[in-house]
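Here's structure_39.txt, which has compact mmCIF, N, CA and C atoms and all ligand atoms:
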# COMPACT_ATOMS: atom_id res chain seq x y z
N MET A 29 22.89 135.85 -80.07
CA MET A 29 22.38 135.50 -78.73
C MET A 29 22.35 133.98 -78.58
N SER A 30 22.91 133.51 -77.50
CA SER A 30 22.95 132.06 -77.31
C SER A 30 21.56 131.53 -76.97
N GLU A 31 21.41 130.23 -77.13
CA GLU A 31 20.13 129.61 -76.84
C GLU A 31 19.74 129.81 -75.38
N LEU A 32 20.75 129.70 -74.53
CA LEU A 32 20.47 129.80 -73.10
C LEU A 32 19.97 131.20 -72.76
N SER A 33 20.61 132.23 -73.34
CA SER A 33 20.19 133.57 -72.97
C SER A 33 18.82 133.91 -73.58
N GLU A 34 18.52 133.27 -74.71
CA GLU A 34 17.19 133.48 -75.28
C GLU A 34 16.14 132.85 -74.38
N LEU A 35 16.43 131.64 -73.95
CA LEU A 35 15.54 130.93 -73.04
C LEU A 35 15.40 131.73 -71.74
N TYR A 36 16.53 132.21 -71.27
CA TYR A 36 16.58 133.01 -70.05
C TYR A 36 15.60 134.18 -70.14
N GLN A 37 15.69 134.92 -71.24
CA GLN A 37 14.80 136.07 -71.42
C GLN A 37 13.34 135.67 -71.41
N GLN A 38 13.03 134.60 -72.14
CA GLN A 38 11.64 134.15 -72.22
C GLN A 38 11.11 133.75 -70.86
N VAL A 39 11.91 132.98 -70.14
CA VAL A 39 11.46 132.47 -68.85
C VAL A 39 11.30 133.61 -67.85
N ILE A 40 12.28 134.52 -67.84
CA ILE A 40 12.21 135.65 -66.92
C ILE A 40 10.96 136.49 -67.21
N LEU A 41 10.72 136.76 -68.47
CA LEU A 41 9.55 137.57 -68.83
C LEU A 41 8.26 136.89 -68.42
N ASP A 42 8.21 135.60 -68.65
CA ASP A 42 7.01 134.84 -68.32
C ASP A 42 6.74 134.86 -66.82
N HIS A 43 7.79 134.60 -66.03
CA HIS A 43 7.59 134.56 -64.57
C HIS A 43 7.37 135.96 -64.00
N ASN A 44 7.92 136.95 -64.66
CA ASN A 44 7.70 138.31 -64.18
C ASN A 44 6.25 138.72 -64.41
N LYS A 45 5.71 138.29 -65.53
CA LYS A 45 4.34 138.64 -65.87
C LYS A 45 3.34 137.83 -65.05
N LYS A 46 3.66 136.54 -64.87
CA LYS A 46 2.75 135.66 -64.13
C LYS A 46 3.52 134.95 -63.02
N PRO A 47 3.92 135.67 -61.98
CA PRO A 47 4.70 135.00 -60.94
C PRO A 47 3.90 133.88 -60.27
N ARG A 48 4.57 132.73 -60.09
CA ARG A 48 3.91 131.59 -59.45
C ARG A 48 4.02 131.75 -57.93
N ASN A 49 2.98 131.29 -57.25
CA ASN A 49 2.96 131.36 -55.78
C ASN A 49 3.15 132.78 -55.26
N PHE A 50 2.60 133.71 -55.98
CA PHE A 50 2.69 135.12 -55.60
C PHE A 50 1.46 135.44 -54.76
N ARG A 51 1.56 135.19 -53.46
CA ARG A 51 0.42 135.36 -52.57
C ARG A 51 0.89 135.25 -51.13
N LYS A 52 0.03 135.67 -50.23
CA LYS A 52 0.30 135.44 -48.83
C LYS A 52 -0.52 134.23 -48.40
N PRO A 53 0.11 133.13 -48.03
CA PRO A 53 -0.65 131.93 -47.68
C PRO A 53 -1.47 132.12 -46.40
N GLU A 54 -2.55 131.37 -46.29
CA GLU A 54 -3.36 131.46 -45.07
C GLU A 54 -2.59 130.92 -43.87
N THR A 55 -1.84 129.87 -44.09
CA THR A 55 -1.03 129.36 -42.99
C THR A 55 0.43 129.26 -43.42
N PHE A 56 1.28 129.70 -42.52
CA PHE A 56 2.72 129.59 -42.75
C PHE A 56 3.36 129.66 -41.37
N ASN A 57 4.48 128.99 -41.19
CA ASN A 57 5.14 129.06 -39.89
C ASN A 57 6.55 129.65 -39.96
N HIS A 58 6.96 130.07 -41.16
CA HIS A 58 8.22 130.78 -41.30
C HIS A 58 8.01 131.92 -42.29
N ARG A 59 8.62 133.04 -41.97
CA ARG A 59 8.42 134.20 -42.82
C ARG A 59 9.61 135.12 -42.66
N ALA A 60 10.05 135.73 -43.74
CA ALA A 60 11.10 136.75 -43.64
C ALA A 60 10.94 137.76 -44.75
N GLU A 61 11.45 138.94 -44.48
CA GLU A 61 11.47 139.99 -45.49
C GLU A 61 12.90 140.17 -45.96
N GLY A 62 13.04 140.41 -47.24
CA GLY A 62 14.37 140.65 -47.76
C GLY A 62 14.39 141.88 -48.63
N HIS A 63 15.46 142.64 -48.55
CA HIS A 63 15.59 143.68 -49.56
C HIS A 63 16.98 143.78 -50.12
N ASN A 64 16.99 144.29 -51.31
CA ASN A 64 18.22 144.48 -52.06
C ASN A 64 18.30 145.97 -52.37
N PRO A 65 18.98 146.74 -51.50
CA PRO A 65 19.00 148.19 -51.66
C PRO A 65 19.60 148.65 -52.99
N LEU A 66 20.49 147.83 -53.55
CA LEU A 66 21.13 148.21 -54.81
C LEU A 66 20.13 148.38 -55.93
N CYS A 67 19.07 147.58 -55.88
CA CYS A 67 18.12 147.58 -56.99
C CYS A 67 16.75 148.06 -56.54
N GLY A 68 16.49 147.96 -55.24
CA GLY A 68 15.17 148.34 -54.74
C GLY A 68 14.20 147.18 -54.65
N ASP A 69 14.71 145.96 -54.80
CA ASP A 69 13.85 144.78 -54.68
C ASP A 69 13.47 144.57 -53.23
N GLN A 70 12.22 144.25 -53.02
CA GLN A 70 11.74 144.06 -51.66
C GLN A 70 10.74 142.92 -51.69
N LEU A 71 10.99 141.88 -50.92
CA LEU A 71 10.01 140.81 -50.93
C LEU A 71 9.90 140.09 -49.59
N THR A 72 8.76 139.45 -49.42
CA THR A 72 8.49 138.67 -48.24
C THR A 72 8.29 137.23 -48.68
N VAL A 73 8.99 136.32 -48.02
CA VAL A 73 8.86 134.90 -48.35
C VAL A 73 8.17 134.19 -47.19
N TYR A 74 7.18 133.38 -47.51
CA TYR A 74 6.42 132.61 -46.52
C TYR A 74 6.70 131.14 -46.74
N VAL A 75 6.97 130.43 -45.66
CA VAL A 75 7.22 128.99 -45.78
C VAL A 75 6.37 128.26 -44.75
N GLN A 76 5.73 127.21 -45.20
CA GLN A 76 5.06 126.30 -44.28
C GLN A 76 5.88 125.03 -44.24
N LEU A 77 6.40 124.75 -43.05
CA LEU A 77 7.27 123.59 -42.86
C LEU A 77 6.51 122.58 -42.00
N ASP A 78 6.32 121.38 -42.51
CA ASP A 78 5.65 120.34 -41.74
C ASP A 78 6.55 119.12 -41.68
N GLY A 79 7.00 118.79 -40.48
CA GLY A 79 7.86 117.63 -40.30
C GLY A 79 9.11 117.69 -41.17
N GLY A 80 9.69 118.87 -41.28
CA GLY A 80 10.93 119.01 -42.03
C GLY A 80 10.76 119.07 -43.54
N ILE A 81 9.50 119.19 -43.99
CA ILE A 81 9.25 119.28 -45.44
C ILE A 81 8.54 120.59 -45.76
N VAL A 82 9.01 121.22 -46.82
CA VAL A 82 8.39 122.47 -47.27
C VAL A 82 7.07 122.10 -47.96
N THR A 83 5.96 122.30 -47.26
CA THR A 83 4.68 121.93 -47.87
C THR A 83 4.06 123.10 -48.62
N ASP A 84 4.48 124.31 -48.26
CA ASP A 84 4.03 125.46 -49.04
C ASP A 84 5.09 126.54 -48.96
N VAL A 85 5.26 127.25 -50.05
CA VAL A 85 6.19 128.38 -50.07
C VAL A 85 5.64 129.38 -51.06
N ALA A 86 5.59 130.64 -50.64
CA ALA A 86 5.00 131.68 -51.47
C ALA A 86 5.71 133.00 -51.18
N PHE A 87 5.44 133.99 -52.01
CA PHE A 87 6.09 135.28 -51.78
C PHE A 87 5.20 136.43 -52.22
N GLU A 88 5.54 137.60 -51.70
CA GLU A 88 4.88 138.84 -52.08
C GLU A 88 5.97 139.89 -52.19
N GLY A 89 5.65 140.99 -52.83
CA GLY A 89 6.61 142.08 -52.86
C GLY A 89 6.72 142.71 -54.23
N SER A 90 7.71 143.57 -54.33
CA SER A 90 7.91 144.23 -55.61
C SER A 90 9.39 144.24 -55.91
N GLY A 91 9.70 144.22 -57.16
CA GLY A 91 11.10 144.22 -57.53
C GLY A 91 11.25 144.11 -59.03
N CYS A 92 12.49 144.00 -59.45
CA CYS A 92 12.76 143.91 -60.87
C CYS A 92 12.36 142.53 -61.39
N ALA A 93 12.38 142.38 -62.69
CA ALA A 93 11.96 141.13 -63.32
C ALA A 93 12.80 139.95 -62.85
N ILE A 94 14.08 140.17 -62.63
CA ILE A 94 14.95 139.06 -62.24
C ILE A 94 14.63 138.57 -60.84
N SER A 95 14.45 139.51 -59.91
CA SER A 95 14.17 139.08 -58.54
C SER A 95 12.81 138.39 -58.47
N LYS A 96 11.86 138.89 -59.23
CA LYS A 96 10.53 138.29 -59.21
C LYS A 96 10.53 136.90 -59.84
N ALA A 97 11.21 136.80 -60.97
CA ALA A 97 11.28 135.51 -61.64
C ALA A 97 12.06 134.51 -60.79
N ALA A 98 13.12 134.98 -60.14
CA ALA A 98 13.91 134.08 -59.29
C ALA A 98 13.07 133.59 -58.12
N ALA A 99 12.27 134.48 -57.54
CA ALA A 99 11.41 134.09 -56.42
C ALA A 99 10.35 133.10 -56.89
N SER A 100 9.77 133.41 -58.02
CA SER A 100 8.72 132.56 -58.58
C SER A 100 9.24 131.14 -58.84
N MET A 101 10.42 131.05 -59.46
CA MET A 101 10.98 129.75 -59.79
C MET A 101 11.49 129.03 -58.55
N MET A 102 11.94 129.81 -57.59
CA MET A 102 12.38 129.19 -56.33
C MET A 102 11.21 128.50 -55.64
N THR A 103 10.07 129.17 -55.60
CA THR A 103 8.92 128.56 -54.91
C THR A 103 8.53 127.25 -55.60
N GLN A 104 8.63 127.24 -56.93
CA GLN A 104 8.30 126.00 -57.65
C GLN A 104 9.29 124.90 -57.33
N ALA A 105 10.56 125.29 -57.21
CA ALA A 105 11.61 124.29 -56.98
C ALA A 105 11.56 123.71 -55.57
N LEU A 106 11.09 124.50 -54.62
CA LEU A 106 11.22 124.08 -53.22
C LEU A 106 10.05 123.30 -52.66
N LYS A 107 8.92 123.39 -53.30
CA LYS A 107 7.75 122.73 -52.74
C LYS A 107 7.97 121.22 -52.69
N GLY A 108 7.75 120.64 -51.51
CA GLY A 108 7.92 119.21 -51.34
C GLY A 108 9.33 118.79 -50.96
N LYS A 109 10.25 119.75 -50.89
CA LYS A 109 11.64 119.44 -50.53
C LYS A 109 11.81 119.41 -49.01
N THR A 110 12.79 118.64 -48.56
CA THR A 110 13.14 118.66 -47.15
C THR A 110 14.01 119.89 -46.90
N THR A 111 14.19 120.23 -45.62
CA THR A 111 15.02 121.39 -45.32
C THR A 111 16.47 121.14 -45.77
N ASP A 112 16.92 119.90 -45.71
CA ASP A 112 18.28 119.58 -46.17
C ASP A 112 18.42 119.81 -47.68
N GLU A 113 17.41 119.36 -48.41
CA GLU A 113 17.44 119.54 -49.87
C GLU A 113 17.36 121.02 -50.23
N THR A 114 16.58 121.74 -49.43
CA THR A 114 16.43 123.18 -49.64
C THR A 114 17.76 123.89 -49.45
N GLU A 115 18.45 123.50 -48.39
CA GLU A 115 19.77 124.06 -48.08
C GLU A 115 20.75 123.77 -49.22
N LYS A 116 20.69 122.55 -49.71
CA LYS A 116 21.59 122.12 -50.77
C LYS A 116 21.33 122.92 -52.05
N LEU A 117 20.07 123.07 -52.39
CA LEU A 117 19.71 123.84 -53.59
C LEU A 117 20.17 125.28 -53.47
N PHE A 118 19.99 125.84 -52.28
CA PHE A 118 20.43 127.22 -52.04
C PHE A 118 21.92 127.34 -52.35
N HIS A 119 22.71 126.41 -51.82
CA HIS A 119 24.15 126.50 -52.03
C HIS A 119 24.53 126.26 -53.48
N GLU A 120 23.84 125.35 -54.14
CA GLU A 120 24.13 125.09 -55.55
C GLU A 120 23.77 126.30 -56.41
N PHE A 121 22.64 126.90 -56.09
CA PHE A 121 22.21 128.08 -56.84
C PHE A 121 23.19 129.22 -56.64
N HIS A 122 23.56 129.41 -55.38
CA HIS A 122 24.47 130.50 -55.03
C HIS A 122 25.82 130.32 -55.72
N ARG A 123 26.29 129.10 -55.71
CA ARG A 123 27.57 128.80 -56.34
C ARG A 123 27.48 129.06 -57.84
N MET A 124 26.38 128.63 -58.45
CA MET A 124 26.23 128.78 -59.89
C MET A 124 26.26 130.26 -60.31
N VAL A 125 25.64 131.14 -59.52
CA VAL A 125 25.57 132.54 -59.95
C VAL A 125 26.75 133.38 -59.47
N THR A 126 27.60 132.82 -58.59
CA THR A 126 28.70 133.63 -58.09
C THR A 126 30.08 133.10 -58.46
N ASP A 127 30.18 131.80 -58.76
CA ASP A 127 31.48 131.20 -58.98
C ASP A 127 31.74 131.01 -60.47
N ASP A 128 32.73 131.73 -60.98
CA ASP A 128 33.05 131.67 -62.40
C ASP A 128 33.44 130.27 -62.88
N SER A 129 33.96 129.49 -61.97
CA SER A 129 34.42 128.17 -62.39
C SER A 129 33.29 127.13 -62.34
N ALA A 130 32.11 127.58 -61.95
CA ALA A 130 31.00 126.64 -61.79
C ALA A 130 30.26 126.42 -63.11
N ASN A 131 30.97 125.86 -64.07
CA ASN A 131 30.31 125.61 -65.35
C ASN A 131 29.54 124.31 -65.33
N ASP A 132 29.67 123.60 -64.24
CA ASP A 132 29.02 122.31 -64.13
C ASP A 132 27.84 122.43 -63.18
N ALA A 133 26.99 123.40 -63.43
CA ALA A 133 25.84 123.61 -62.55
C ALA A 133 25.12 122.29 -62.32
N ALA A 134 24.82 122.04 -61.08
CA ALA A 134 24.23 120.77 -60.69
C ALA A 134 22.91 120.50 -61.43
N ASP A 135 22.75 119.26 -61.85
CA ASP A 135 21.51 118.86 -62.54
C ASP A 135 20.29 119.11 -61.67
N SER A 136 20.50 118.98 -60.37
CA SER A 136 19.36 119.14 -59.46
C SER A 136 18.75 120.53 -59.54
N LEU A 137 19.49 121.47 -60.12
CA LEU A 137 18.94 122.82 -60.23
C LEU A 137 17.85 122.91 -61.31
N GLY A 138 17.82 121.93 -62.20
CA GLY A 138 16.78 121.91 -63.22
C GLY A 138 16.72 123.22 -64.00
N ASN A 139 15.52 123.76 -64.16
CA ASN A 139 15.40 124.98 -64.98
C ASN A 139 15.95 126.21 -64.28
N LEU A 140 16.35 126.09 -63.04
CA LEU A 140 17.00 127.22 -62.36
C LEU A 140 18.35 127.54 -63.01
N ARG A 141 18.83 126.59 -63.81
CA ARG A 141 20.13 126.79 -64.45
C ARG A 141 20.13 127.96 -65.43
N ILE A 142 18.95 128.39 -65.85
CA ILE A 142 18.93 129.54 -66.77
C ILE A 142 19.51 130.79 -66.11
N PHE A 143 19.57 130.78 -64.76
CA PHE A 143 20.11 131.96 -64.07
C PHE A 143 21.63 132.02 -64.09
N SER A 144 22.27 131.00 -64.63
CA SER A 144 23.74 131.01 -64.63
C SER A 144 24.28 132.25 -65.33
N GLY A 145 23.53 132.80 -66.26
CA GLY A 145 23.99 133.98 -67.01
C GLY A 145 24.14 135.24 -66.17
N VAL A 146 23.45 135.32 -65.05
CA VAL A 146 23.53 136.55 -64.25
C VAL A 146 24.92 136.75 -63.65
N ARG A 147 25.70 135.66 -63.62
CA ARG A 147 27.07 135.72 -63.10
C ARG A 147 27.86 136.86 -63.74
N GLU A 148 27.55 137.15 -65.00
CA GLU A 148 28.29 138.20 -65.69
C GLU A 148 27.83 139.60 -65.31
N PHE A 149 26.77 139.68 -64.53
CA PHE A 149 26.25 140.98 -64.13
C PHE A 149 26.15 141.04 -62.60
N PRO A 150 27.26 141.43 -61.95
CA PRO A 150 27.32 141.35 -60.48
C PRO A 150 26.13 142.02 -59.78
N VAL A 151 25.64 143.11 -60.34
CA VAL A 151 24.52 143.79 -59.70
C VAL A 151 23.28 142.90 -59.71
N ARG A 152 23.15 142.14 -60.78
CA ARG A 152 21.98 141.26 -60.94
C ARG A 152 22.05 140.01 -60.07
N VAL A 153 23.27 139.66 -59.67
CA VAL A 153 23.41 138.47 -58.83
C VAL A 153 22.60 138.64 -57.56
N LYS A 154 22.61 139.85 -57.02
CA LYS A 154 21.87 140.12 -55.78
C LYS A 154 20.37 140.03 -56.00
N CYS A 155 19.94 140.39 -57.19
CA CYS A 155 18.52 140.27 -57.51
C CYS A 155 18.11 138.80 -57.54
N ALA A 156 18.95 137.98 -58.16
CA ALA A 156 18.64 136.56 -58.32
C ALA A 156 18.74 135.79 -57.02
N THR A 157 19.65 136.23 -56.13
CA THR A 157 19.84 135.48 -54.89
C THR A 157 18.97 136.00 -53.75
N LEU A 158 18.40 137.20 -53.91
CA LEU A 158 17.59 137.75 -52.82
C LEU A 158 16.49 136.80 -52.32
N PRO A 159 15.68 136.23 -53.21
CA PRO A 159 14.64 135.33 -52.72
C PRO A 159 15.22 134.15 -51.94
N TRP A 160 16.37 133.67 -52.38
CA TRP A 160 17.00 132.52 -51.72
C TRP A 160 17.51 132.90 -50.33
N HIS A 161 18.15 134.05 -50.24
CA HIS A 161 18.61 134.52 -48.94
C HIS A 161 17.43 134.73 -48.00
N THR A 162 16.35 135.26 -48.55
CA THR A 162 15.18 135.54 -47.73
C THR A 162 14.55 134.23 -47.24
N MET A 163 14.50 133.25 -48.12
CA MET A 163 13.97 131.94 -47.74
C MET A 163 14.83 131.32 -46.64
N GLN A 164 16.15 131.42 -46.79
CA GLN A 164 17.06 130.90 -45.78
C GLN A 164 16.83 131.60 -44.44
N ALA A 165 16.68 132.93 -44.51
CA ALA A 165 16.45 133.71 -43.29
C ALA A 165 15.16 133.25 -42.61
N ALA A 166 14.14 133.00 -43.43
CA ALA A 166 12.86 132.55 -42.87
C ALA A 166 13.04 131.22 -42.16
N LEU A 167 13.73 130.29 -42.80
CA LEU A 167 13.90 128.96 -42.20
C LEU A 167 14.78 129.02 -40.95
N HIS A 168 15.67 130.00 -40.90
CA HIS A 168 16.56 130.11 -39.75
C HIS A 168 16.04 131.08 -38.70
N GLY A 169 14.81 131.51 -38.89
CA GLY A 169 14.18 132.33 -37.85
C GLY A 169 14.59 133.78 -37.80
N GLN A 170 15.21 134.27 -38.89
CA GLN A 170 15.52 135.69 -38.94
C GLN A 170 14.36 136.38 -39.65
N ALA A 171 13.91 137.48 -39.12
CA ALA A 171 12.73 138.12 -39.72
C ALA A 171 13.07 138.98 -40.92
N VAL A 172 14.29 139.54 -40.90
CA VAL A 172 14.64 140.48 -41.97
C VAL A 172 16.04 140.16 -42.48
N THR A 173 16.20 140.24 -43.77
CA THR A 173 17.53 140.05 -44.32
C THR A 173 17.79 141.05 -45.42
N SER A 174 19.04 141.28 -45.70
CA SER A 174 19.38 142.23 -46.75
C SER A 174 20.57 141.65 -47.49
N THR A 175 20.69 141.97 -48.77
CA THR A 175 21.80 141.44 -49.54
C THR A 175 23.08 142.20 -49.25
N GLU A 176 23.00 143.28 -48.45
CA GLU A 176 24.21 144.04 -48.14
C GLU A 176 24.75 143.69 -46.77
ZN ZN B 201 16.59 143.62 -58.83
Before anything else, please render the file you have as structure tokens.
Ligand code: ZN
Amino acid sequence: MSELSELYQQVILDHNKKPRNFRKPETFNHRAEGHNPLCGDQLTVYVQLDGGIVTDVAFEGSGCAISKAAASMMTQALKGKTTDETEKLFHEFHRMVTDDSANDAADSLGNLRIFSGVREFPVRVKCATLPWHTMQAALHGQAVTSTE
């Protein structure tokens, strides 16, 4: 087992057990629900946007360990980011987990890079990207999104 996949397992297990920002915030001005019918993941992402900056982001829902860990780590990565930076991270993350040639995952992804391994498991890609798609839907004013 490579170091990265060992780290991957540890981090996923940790975030699955203790998801960060797993709550419904008292105030939020963007919200969307996302589901991944392939796996049964279902989550709601809440975003508070103030002057173009993500001041709070949280989620609720149920799903597999990967979708939960991805949502948990996404909320940590996005807090304090501008909508432009958020958009950029979304695209970098998406590229990393879907593009085989993307071995140069952007440094800006930080610890999100542990998800690069899901690329080898197409079914899991949808689990890992669901929170991101849902966050995008929330910011773009769509109430519901699906990975299909
Ligand atoms: Zn899943």
**Contacts with ligand ZN 201 (chain B) at most 9 Å, only C-alpha atoms and all ligand atoms counted, listed as a list in words** = Asn64, Pro65, Leu66, Cys67, Gly68, Asp69, Gln70, Gly91, Cys92, Ala93, Ile94, Ser95, Lys96, Val151, Arg152, Val153, Lys154, Cys155, Ala156 and Leu158 of chain A
Take the residues from that selection and put them in a file with N, CA and C atoms, as a PDB file, keeping the file's coordinate frame.
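Saved the output as again06.pdb:
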ATOM      1  N   ASN A  64      16.990 144.290 -51.310  1.00  0.00           N
ATOM      2  CA  ASN A  64      18.220 144.480 -52.060  1.00  0.00           C
ATOM      3  C   ASN A  64      18.300 145.970 -52.370  1.00  0.00           C
ATOM      4  N   PRO A  65      18.980 146.740 -51.500  1.00  0.00           N
ATOM      5  CA  PRO A  65      19.000 148.190 -51.660  1.00  0.00           C
ATOM      6  C   PRO A  65      19.600 148.650 -52.990  1.00  0.00           C
ATOM      7  N   LEU A  66      20.490 147.830 -53.550  1.00  0.00           N
ATOM      8  CA  LEU A  66      21.130 148.210 -54.810  1.00  0.00           C
ATOM      9  C   LEU A  66      20.130 148.380 -55.930  1.00  0.00           C
ATOM     10  N   CYS A  67      19.070 147.580 -55.880  1.00  0.00           N
ATOM     11  CA  CYS A  67      18.120 147.580 -56.990  1.00  0.00           C
ATOM     12  C   CYS A  67      16.750 148.060 -56.540  1.00  0.00           C
ATOM     13  N   GLY A  68      16.490 147.960 -55.240  1.00  0.00           N
ATOM     14  CA  GLY A  68      15.170 148.340 -54.740  1.00  0.00           C
ATOM     15  C   GLY A  68      14.200 147.180 -54.650  1.00  0.00           C
ATOM     16  N   ASP A  69      14.710 145.960 -54.800  1.00  0.00           N
ATOM     17  CA  ASP A  69      13.850 144.780 -54.680  1.00  0.00           C
ATOM     18  C   ASP A  69      13.470 144.570 -53.230  1.00  0.00           C
ATOM     19  N   GLN A  70      12.220 144.250 -53.020  1.00  0.00           N
ATOM     20  CA  GLN A  70      11.740 144.060 -51.660  1.00  0.00           C
ATOM     21  C   GLN A  70      10.740 142.920 -51.690  1.00  0.00           C
ATOM     22  N   GLY A  91       9.700 144.220 -57.160  1.00  0.00           N
ATOM     23  CA  GLY A  91      11.100 144.220 -57.530  1.00  0.00           C
ATOM     24  C   GLY A  91      11.250 144.110 -59.030  1.00  0.00           C
ATOM     25  N   CYS A  92      12.490 144.000 -59.450  1.00  0.00           N
ATOM     26  CA  CYS A  92      12.760 143.910 -60.870  1.00  0.00           C
ATOM     27  C   CYS A  92      12.360 142.530 -61.390  1.00  0.00           C
ATOM     28  N   ALA A  93      12.380 142.380 -62.690  1.00  0.00           N
ATOM     29  CA  ALA A  93      11.960 141.130 -63.320  1.00  0.00           C
ATOM     30  C   ALA A  93      12.800 139.950 -62.850  1.00  0.00           C
ATOM     31  N   ILE A  94      14.080 140.170 -62.630  1.00  0.00           N
ATOM     32  CA  ILE A  94      14.950 139.060 -62.240  1.00  0.00           C
ATOM     33  C   ILE A  94      14.630 138.570 -60.840  1.00  0.00           C
ATOM     34  N   SER A  95      14.450 139.510 -59.910  1.00  0.00           N
ATOM     35  CA  SER A  95      14.170 139.080 -58.540  1.00  0.00           C
ATOM     36  C   SER A  95      12.810 138.390 -58.470  1.00  0.00           C
ATOM     37  N   LYS A  96      11.860 138.890 -59.230  1.00  0.00           N
ATOM     38  CA  LYS A  96      10.530 138.290 -59.210  1.00  0.00           C
ATOM     39  C   LYS A  96      10.530 136.900 -59.840  1.00  0.00           C
ATOM     40  N   VAL A 151      25.640 143.110 -60.340  1.00  0.00           N
ATOM     41  CA  VAL A 151      24.520 143.790 -59.700  1.00  0.00           C
ATOM     42  C   VAL A 151      23.280 142.900 -59.710  1.00  0.00           C
ATOM     43  N   ARG A 152      23.150 142.140 -60.780  1.00  0.00           N
ATOM     44  CA  ARG A 152      21.980 141.260 -60.940  1.00  0.00           C
ATOM     45  C   ARG A 152      22.050 140.010 -60.070  1.00  0.00           C
ATOM     46  N   VAL A 153      23.270 139.660 -59.670  1.00  0.00           N
ATOM     47  CA  VAL A 153      23.410 138.470 -58.830  1.00  0.00           C
ATOM     48  C   VAL A 153      22.600 138.640 -57.560  1.00  0.00           C
ATOM     49  N   LYS A 154      22.610 139.850 -57.020  1.00  0.00           N
ATOM     50  CA  LYS A 154      21.870 140.120 -55.780  1.00  0.00           C
ATOM     51  C   LYS A 154      20.370 140.030 -56.000  1.00  0.00           C
ATOM     52  N   CYS A 155      19.940 140.390 -57.190  1.00  0.00           N
ATOM     53  CA  CYS A 155      18.520 140.270 -57.510  1.00  0.00           C
ATOM     54  C   CYS A 155      18.110 138.800 -57.540  1.00  0.00           C
ATOM     55  N   ALA A 156      18.950 137.980 -58.160  1.00  0.00           N
ATOM     56  CA  ALA A 156      18.640 136.560 -58.320  1.00  0.00           C
ATOM     57  C   ALA A 156      18.740 135.790 -57.020  1.00  0.00           C
ATOM     58  N   LEU A 158      18.400 137.200 -53.910  1.00  0.00           N
ATOM     59  CA  LEU A 158      17.590 137.750 -52.820  1.00  0.00           C
ATOM     60  C   LEU A 158      16.490 136.800 -52.320  1.00  0.00           C
TER      61      LEU A 158
END
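Separating CA of Ser100 (chain A) from CA of Glu88 (chain A) is a distance of 9.8 Å.
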**Request:** Could you jot down the atom N of Pro150 (chain A) to atom C of Thr126 (chain A) separation for me, Å, one decimal place?
**Result:** 9.5 Å
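Neighbours of Leu140 (chain A) closer than or equal to 9 Å, with only C-alpha atoms counted and sequence neighbours fewer than 6 positions away skipped, come out as A:Ala98, A:Met101, A:Met102, A:Ala105, A:Phe121.
Shortest atom-to-atom contact with Phe118 (chain A) among A:Gln164, A:Gln37, A:Ser144, A:Asn139: A:Gln164, counting all atoms listed in the file.
CA of Asp128 (chain A) to CA of Ile142 (chain A) spans 14.9 Å [interatomic distance, one decimal].
The shortest atom-to-atom distance to Thr72 (chain A), with only N, CA and C atoms taken into account, belongs to A:Pro159 out of A:Glu120, A:Pro159, A:Glu115, A:Glu54.
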